[in-house]
$ cat target15.cif   # mmCIF, C-alpha atoms and all ligand atoms
data_protein
loop_
_atom_site.label_atom_id
_atom_site.label_comp_id
_atom_site.auth_asym_id
_atom_site.auth_seq_id
_atom_site.Cartn_x
_atom_site.Cartn_y
_atom_site.Cartn_z
CA MET A 27 -36.38 5.79 22.05
CA SER A 28 -32.97 6.78 20.87
CA TYR A 29 -29.61 5.34 21.48
CA SER A 30 -26.47 7.38 21.45
CA GLN A 31 -23.05 5.92 21.73
CA SER A 32 -19.63 7.41 21.90
CA TYR A 33 -17.42 5.28 19.81
CA THR A 34 -13.84 5.54 18.72
CA GLY A 35 -13.43 2.00 17.61
CA TYR A 36 -12.47 2.64 14.07
CA ASN A 37 -9.78 4.61 12.45
CA ASP A 38 -10.81 6.23 9.20
CA ASN A 39 -7.22 6.61 8.09
CA ARG A 40 -7.13 2.93 7.44
CA PRO A 41 -8.91 1.06 4.69
CA SER A 42 -12.22 -0.44 5.74
CA ALA A 43 -12.13 -3.11 3.08
CA PRO A 44 -9.64 -5.96 3.26
CA PRO A 45 -6.69 -5.08 1.05
CA ALA A 46 -5.96 -7.12 -2.01
CA PRO A 47 -3.50 -9.87 -1.27
CA ASP A 48 -0.36 -10.42 -3.24
CA PRO A 49 -0.97 -12.97 -5.95
CA ALA A 50 0.11 -16.20 -4.36
CA PRO A 51 -0.32 -19.09 -6.75
CA GLY A 52 0.59 -22.50 -5.51
CA THR A 53 0.32 -21.72 -1.83
CA GLY A 54 -1.71 -24.82 -1.23
CA HIS A 55 -5.12 -23.30 -0.68
CA PRO A 56 -7.50 -22.26 -3.39
CA TYR A 57 -8.50 -18.72 -2.55
CA PRO A 58 -5.74 -16.14 -2.97
CA SER A 59 -4.63 -17.33 -6.36
CA TYR A 60 -8.09 -16.63 -7.71
CA TYR A 61 -8.03 -13.07 -6.61
CA GLY A 62 -7.04 -10.35 -9.03
CA GLN A 63 -6.68 -12.55 -12.05
CA GLN A 64 -9.14 -10.63 -14.10
CA GLY A 65 -7.48 -9.49 -17.29
CA GLN A 66 -4.40 -11.62 -16.71
CA GLY A 67 -4.93 -13.97 -19.58
CA GLN A 68 -6.99 -16.44 -17.59
CA SER A 69 -10.38 -15.25 -18.63
CA TYR A 70 -13.07 -17.78 -19.26
CA SER A 71 -15.89 -17.64 -21.67
CA THR A 72 -18.70 -16.90 -19.30
CA THR A 73 -21.17 -16.87 -22.17
CA SER A 74 -20.98 -20.64 -22.43
CA TYR A 75 -22.48 -20.87 -18.98
CA GLY A 76 -24.82 -18.02 -19.72
CA SER A 77 -26.08 -19.77 -22.82
CA TYR A 78 -27.93 -22.30 -20.67
CA GLY A 79 -30.15 -19.41 -19.76
CA TYR A 80 -28.32 -18.89 -16.47
CA PRO A 81 -27.47 -15.55 -15.08
CA SER A 82 -23.83 -15.29 -16.11
CA PHE A 83 -20.61 -14.79 -14.23
CA PRO A 84 -18.74 -11.49 -14.35
CA PRO A 85 -16.24 -11.35 -17.23
CA GLY A 86 -12.87 -12.80 -16.27
CA THR A 87 -14.24 -15.11 -13.57
CA HIS A 88 -11.73 -17.88 -12.92
CA PRO A 89 -12.89 -21.19 -14.45
CA ASP A 90 -12.47 -22.99 -11.13
CA ILE A 91 -15.01 -20.67 -9.55
CA ILE A 92 -17.48 -21.42 -12.32
CA ARG A 93 -16.77 -25.13 -12.09
CA SER A 94 -17.25 -25.05 -8.35
CA PHE A 95 -20.63 -23.36 -8.77
CA GLN A 96 -21.76 -25.71 -11.52
CA MET A 97 -20.77 -28.74 -9.52
CA VAL A 98 -23.14 -27.93 -6.68
CA ASP A 99 -25.94 -26.39 -8.77
CA ARG A 100 -27.29 -29.83 -9.55
CA ASP A 101 -30.75 -28.80 -10.69
CA ARG A 102 -29.19 -26.22 -13.02
CA SER A 103 -31.43 -23.50 -11.70
CA GLY A 104 -28.59 -20.97 -11.79
CA PHE A 105 -28.92 -20.44 -8.04
CA ILE A 106 -27.61 -22.31 -5.05
CA ASP A 107 -29.02 -22.76 -1.57
CA GLU A 108 -27.11 -22.70 1.72
CA ASN A 109 -26.25 -26.39 1.69
CA GLU A 110 -24.93 -26.16 -1.84
CA LEU A 111 -22.95 -23.07 -0.92
CA GLN A 112 -21.46 -24.90 2.04
CA GLN A 113 -20.50 -27.77 -0.22
CA ALA A 114 -18.91 -25.45 -2.77
CA LEU A 115 -16.79 -23.65 -0.19
CA SER A 116 -15.76 -26.63 1.90
CA SER A 117 -12.85 -28.74 0.90
CA GLY A 118 -10.94 -31.56 2.55
CA TYR A 119 -9.04 -29.42 5.01
CA GLN A 120 -11.47 -26.60 5.33
CA ARG A 121 -15.06 -26.71 6.52
CA PHE A 122 -17.51 -23.88 6.67
CA SER A 123 -20.10 -24.06 9.42
CA LEU A 124 -23.71 -23.43 8.45
CA ARG A 125 -23.66 -20.41 10.77
CA THR A 126 -20.88 -18.81 8.73
CA ILE A 127 -22.57 -19.85 5.48
CA ARG A 128 -25.81 -18.18 6.56
CA LEU A 129 -23.99 -14.98 7.41
CA LEU A 130 -22.19 -15.02 4.06
CA ARG A 131 -25.46 -15.67 2.28
CA PHE A 132 -27.07 -12.74 4.07
CA LEU A 133 -24.18 -10.40 3.26
CA PHE A 134 -23.84 -11.42 -0.37
CA LYS A 135 -27.46 -11.95 -1.31
CA ASN A 136 -28.86 -10.32 -4.38
CA LEU A 137 -30.63 -7.23 -3.09
CA HIS A 138 -33.58 -7.86 -5.35
CA ASP A 139 -33.87 -11.56 -4.85
CA SER A 140 -34.29 -12.68 -1.24
CA LEU A 141 -31.46 -14.96 -0.20
CA ARG A 142 -30.60 -16.62 -3.47
CA ILE A 143 -26.98 -16.88 -4.46
CA GLY A 144 -26.40 -16.73 -8.21
CA PRO A 145 -23.17 -16.56 -10.22
CA GLN A 146 -22.58 -12.85 -9.58
CA GLU A 147 -22.96 -13.20 -5.83
CA PHE A 148 -20.95 -16.41 -5.78
CA ALA A 149 -18.02 -14.82 -7.64
CA ALA A 150 -18.08 -11.78 -5.31
CA LEU A 151 -18.20 -14.03 -2.27
CA TRP A 152 -15.32 -16.15 -3.53
CA GLY A 153 -13.17 -13.08 -4.18
CA CYS A 154 -13.95 -11.76 -0.73
CA LEU A 155 -12.96 -15.07 0.88
CA GLY A 156 -9.69 -14.88 -1.03
CA ARG A 157 -8.93 -11.57 0.61
CA TRP A 158 -9.84 -12.93 4.05
CA ARG A 159 -7.65 -15.95 3.40
CA ALA A 160 -4.68 -13.72 2.64
CA ILE A 161 -5.28 -11.77 5.86
CA PHE A 162 -5.63 -15.02 7.81
CA ASP A 163 -2.31 -16.29 6.48
CA ARG A 164 -0.55 -12.99 7.05
CA PHE A 165 -1.62 -12.73 10.70
CA ASP A 166 -1.25 -16.38 11.62
CA ARG A 167 2.22 -15.42 12.77
CA ASP A 168 3.11 -18.70 14.47
CA GLN A 169 1.71 -20.57 11.46
CA SER A 170 -0.47 -22.71 13.67
CA GLY A 171 -3.17 -22.75 11.00
CA ARG A 172 -5.41 -20.89 13.44
CA ILE A 173 -5.80 -17.35 14.65
CA ASP A 174 -5.56 -16.61 18.37
CA ALA A 175 -6.89 -13.51 20.13
CA MET A 176 -3.69 -11.48 19.71
CA GLU A 177 -3.39 -12.38 16.04
CA LEU A 178 -7.06 -11.47 15.59
CA LYS A 179 -6.57 -8.14 17.27
CA ASP A 180 -3.64 -7.32 14.97
CA ALA A 181 -5.58 -8.45 11.90
CA PHE A 182 -8.52 -6.22 12.82
CA TYR A 183 -6.21 -3.32 13.52
CA SER A 184 -4.64 -3.65 10.08
CA LEU A 185 -8.15 -3.37 8.64
CA GLY A 186 -8.86 -0.22 10.60
CA TYR A 187 -10.89 -1.77 13.42
CA ALA A 188 -9.37 -0.87 16.77
CA VAL A 189 -11.42 -3.39 18.72
CA PRO A 190 -11.36 -2.94 22.50
CA ASP A 191 -10.06 -5.96 24.43
CA SER A 192 -13.41 -6.36 26.17
CA VAL A 193 -15.19 -6.72 22.83
CA LEU A 194 -12.50 -8.97 21.45
CA SER A 195 -12.73 -11.37 24.36
CA VAL A 196 -16.51 -11.65 24.00
CA LEU A 197 -16.09 -12.31 20.30
CA VAL A 198 -13.41 -14.94 20.80
CA SER A 199 -15.28 -16.63 23.66
CA ARG A 200 -17.89 -17.63 21.09
CA TYR A 201 -15.40 -20.25 19.88
CA ASP A 202 -14.30 -21.54 23.29
CA ASP A 203 -14.77 -25.31 23.36
CA GLY A 204 -14.58 -25.39 27.16
CA SER A 205 -11.41 -27.48 27.20
CA GLY A 206 -9.42 -24.77 28.98
CA ARG A 207 -7.05 -24.46 26.05
CA LYS A 208 -6.31 -21.12 24.43
CA VAL A 209 -9.08 -20.25 22.00
CA GLU A 210 -7.94 -20.23 18.39
CA LEU A 211 -10.08 -19.59 15.35
CA THR A 212 -10.27 -21.75 12.28
CA PHE A 213 -10.55 -19.98 8.95
CA ASP A 214 -14.33 -20.09 8.82
CA SER A 215 -14.63 -18.72 12.37
CA PHE A 216 -12.15 -16.01 11.45
CA VAL A 217 -14.28 -15.11 8.42
CA GLU A 218 -17.37 -15.02 10.62
CA CYS A 219 -15.67 -12.68 13.15
CA GLY A 220 -14.30 -10.52 10.37
CA MET A 221 -17.68 -10.24 8.67
CA ILE A 222 -19.37 -9.31 11.94
CA MET A 223 -16.76 -6.66 12.71
CA LYS A 224 -16.72 -5.25 9.20
CA GLY A 225 -20.50 -5.41 8.78
CA LEU A 226 -21.34 -3.76 12.09
CA THR A 227 -18.67 -1.09 11.70
CA GLU A 228 -19.98 -0.23 8.25
CA LYS A 229 -23.53 -0.07 9.58
CA PHE A 230 -22.33 2.31 12.26
CA LYS A 231 -20.44 4.43 9.76
CA GLU A 232 -23.63 4.87 7.72
CA LYS A 233 -24.97 6.76 10.73
CA ASP A 234 -21.68 8.53 11.36
CA PRO A 235 -20.70 9.77 7.90
CA HIS A 236 -18.16 12.28 9.22
CA TYR A 237 -16.31 9.70 11.32
CA THR A 238 -16.85 11.49 14.60
CA GLY A 239 -17.00 8.23 16.51
CA SER A 240 -20.54 8.81 17.72
CA ALA A 241 -23.97 8.43 16.22
CA THR A 242 -27.60 8.65 17.18
CA PHE A 243 -30.19 6.21 16.01
CA THR A 244 -33.53 4.84 17.04
CA TYR A 245 -34.09 1.60 18.88
CA ASP A 246 -35.66 0.07 15.77
CA THR A 247 -32.69 1.01 13.62
CA PHE A 248 -30.25 -0.32 16.19
CA MET A 249 -32.05 -3.66 16.42
CA SER A 250 -32.37 -4.09 12.69
CA MET A 251 -28.67 -3.30 12.31
CA ILE A 252 -27.42 -5.94 14.70
CA ILE A 253 -29.94 -8.77 14.57
CA PRO A 254 -28.79 -10.15 11.19
CA PHE A 255 -25.33 -10.64 12.68
CA LEU A 256 -26.62 -12.53 15.67
CA VAL A 257 -29.02 -15.03 14.16
CA CA B 301 -1.78 -18.80 14.96
#

$ encode --input "target15.cif" --output "structure tokens" --more "lines below"
Ligand SMILES: [Ca+2]
Amino acid sequence: MSYSQSYTGYNDNRPSAPPAPDPAPGTGHPYPSYYGQQGQGQSYSTTSYGSYGYPSFPPGTHPDIIRSFQMVDRDRSGFIDENELQQALSSGYQRFSLRTIRLLRFLFKNLHDSLRIGPQEFAALWGCLGRWRAIFDRFDRDQSGRIDAMELKDAFYSLGYAVPDSVLSVLVSRYDDGSGRKVELTFDSFVECGMIMKGLTEKFKEKDPHYTGSATFTYDTFMSMIIPFLV
């Protein structure tokens, strides 16, 4: 069985990866200030952590990222599980749901090592969250601390994903608490939506290398592409 879809949902003139945020130290949240600091005089001796026999962090990893990893890696195995990852990423004002954590773990896992998150994956994940945080802040235009459907649509568009309204409303309805109030996304829900959109678009692009907006793939391929984003 094959599945063919005409699709014009992305615009290849725009970057598919979240752009690097402006360095924004002291903005009150931990992520953006960690991004892009490599080679800016804040490098940390990663060998000290590596000397425990751990897989080591990439050179220039911010010490707070290393500290955050070490704090939750209580058995000193050099790897963290999903609960430890959740603990490392959650702070007083910001919680990450296990659903988002599982998606992050799937997307950032070591290709050769099942679902384990080690220092390399953790540092990559942290940097990625920094970029999402900058996007979240930029598109939270009314500064409500949450992203509504219009803000989400604009954020996706800036990333090159021209998401149809019908798709957007299905995506946003996932976070409807049934109270009748306008649905607004917290940061972790925003990350989840962004990861789904980015991940699925990239999967599609693999089958549409010339950006024609359409692709043909088998039923099996289609299912294996989307299932990881749904479970
Ligand atoms: Ca808002």

$ residues_near_ligand --input "target15.cif" --ligand "ligand CA 301 (chain B)" --cutoff "6 Å" --atoms "only C-alpha atoms and all ligand atoms" --output "list in words"
Asp166, Arg167, Asp168, Gln169, Ser170, Gly171, Arg172, Ile173 and Asp174 of chain A

$ residues_around --input "target15.cif" --residues "range 215-227 of chain A" --least-positions-apart "6" --cutoff "8 Å" --atoms "only C-alpha atoms" --output "NGL selection string"
:A and (36 or 42-43 or 126 or 129 or 155 or 158 or 162 or 173 or 178 or 182 or 187 or 197 or 201 or 251-252 or 255)

$ write_last_selection --input "target15.cif" --atoms "C-alpha atoms" --output "PDB file, in the frame of the given file"
ATOM      1  CA  TYR A  36     -12.470   2.640  14.070  1.00  0.00           C
ATOM      2  CA  SER A  42     -12.220  -0.440   5.740  1.00  0.00           C
ATOM      3  CA  ALA A  43     -12.130  -3.110   3.080  1.00  0.00           C
ATOM      4  CA  THR A 126     -20.880 -18.810   8.730  1.00  0.00           C
ATOM      5  CA  LEU A 129     -23.990 -14.980   7.410  1.00  0.00           C
ATOM      6  CA  LEU A 155     -12.960 -15.070   0.880  1.00  0.00           C
ATOM      7  CA  TRP A 158      -9.840 -12.930   4.050  1.00  0.00           C
ATOM      8  CA  PHE A 162      -5.630 -15.020   7.810  1.00  0.00           C
ATOM      9  CA  ILE A 173      -5.800 -17.350  14.650  1.00  0.00           C
ATOM     10  CA  LEU A 178      -7.060 -11.470  15.590  1.00  0.00           C
ATOM     11  CA  PHE A 182      -8.520  -6.220  12.820  1.00  0.00           C
ATOM     12  CA  TYR A 187     -10.890  -1.770  13.420  1.00  0.00           C
ATOM     13  CA  LEU A 197     -16.090 -12.310  20.300  1.00  0.00           C
ATOM     14  CA  TYR A 201     -15.400 -20.250  19.880  1.00  0.00           C
ATOM     15  CA  MET A 251     -28.670  -3.300  12.310  1.00  0.00           C
ATOM     16  CA  ILE A 252     -27.420  -5.940  14.700  1.00  0.00           C
ATOM     17  CA  PHE A 255     -25.330 -10.640  12.680  1.00  0.00           C
TER      18      PHE A 255
END

$ closest_residue --input "target15.cif" --among "A:Leu151, A:Leu111, A:Ala181, A:Leu256" --to "Gln96 in chain A" --atoms "all atoms listed in the file"
A:Leu111

$ atom_distance --input "target15.cif" --atom1 "CA of Arg125 in chain A" --atom2 "CA of Ile161 in chain A"
20.9 Å

$ residues_around --input "target15.cif" --residues "Pro145 in chain A" --least-positions-apart "3" --cutoff "8 Å" --atoms "only C-alpha atoms" --output "ChimeraX atom specification"
/A:81-84,92,95,104-105,148-149

$ atom_distance --input "target15.cif" --atom1 "CA of Gln146 in chain A" --atom2 "CA of Arg159 in chain A"
20.0 Å

$ atom_distance --input "target15.cif" --atom1 "CA of Arg142 in chain A" --atom2 "CA of Ile106 in chain A"
6.6 Å

$ closest_residue --input "target15.cif" --among "A:Ser250, A:Thr212, A:Ser205, A:Ser94" --to "Phe230 in chain A" --atoms "all atoms listed in the file"
A:Ser250

$ closest_residue --input "target15.cif" --among "A:Lys179, A:Arg164, A:Lys208, A:Met249" --to "Leu194 in chain A" --atoms "only C-alpha atoms"
A:Lys179

$ build_atoms --input "target15.cif" --residues "range 148-161 of chain A" --atoms "N, CA and C atoms" --output "compact mmCIF listing (two decimals), in the frame of the given file"
# COMPACT_ATOMS: atom_id res chain seq x y z
N PHE A 148 -21.91 -15.36 -6.10
CA PHE A 148 -20.95 -16.41 -5.78
C PHE A 148 -19.52 -15.95 -6.10
N ALA A 149 -19.35 -15.31 -7.25
CA ALA A 149 -18.02 -14.82 -7.64
C ALA A 149 -17.53 -13.73 -6.67
N ALA A 150 -18.45 -12.85 -6.26
CA ALA A 150 -18.08 -11.78 -5.31
C ALA A 150 -17.68 -12.40 -3.97
N LEU A 151 -18.46 -13.37 -3.54
CA LEU A 151 -18.20 -14.03 -2.27
C LEU A 151 -16.84 -14.75 -2.29
N TRP A 152 -16.58 -15.41 -3.39
CA TRP A 152 -15.32 -16.15 -3.53
C TRP A 152 -14.13 -15.19 -3.48
N GLY A 153 -14.25 -14.08 -4.19
CA GLY A 153 -13.17 -13.08 -4.18
C GLY A 153 -12.94 -12.52 -2.79
N CYS A 154 -14.03 -12.29 -2.08
CA CYS A 154 -13.95 -11.76 -0.73
C CYS A 154 -13.26 -12.77 0.19
N LEU A 155 -13.61 -14.04 0.06
CA LEU A 155 -12.96 -15.07 0.88
C LEU A 155 -11.47 -15.15 0.58
N GLY A 156 -11.11 -14.90 -0.67
CA GLY A 156 -9.69 -14.88 -1.03
C GLY A 156 -8.93 -13.81 -0.27
N ARG A 157 -9.59 -12.65 -0.12
CA ARG A 157 -8.93 -11.57 0.61
C ARG A 157 -8.84 -11.90 2.10
N TRP A 158 -9.91 -12.52 2.64
CA TRP A 158 -9.84 -12.93 4.05
C TRP A 158 -8.79 -14.00 4.26
N ARG A 159 -8.65 -14.88 3.28
CA ARG A 159 -7.65 -15.95 3.40
C ARG A 159 -6.24 -15.37 3.47
N ALA A 160 -6.00 -14.35 2.64
CA ALA A 160 -4.68 -13.72 2.64
C ALA A 160 -4.40 -13.04 3.98
N ILE A 161 -5.44 -12.43 4.55
CA ILE A 161 -5.28 -11.77 5.86
C ILE A 161 -5.03 -12.83 6.93
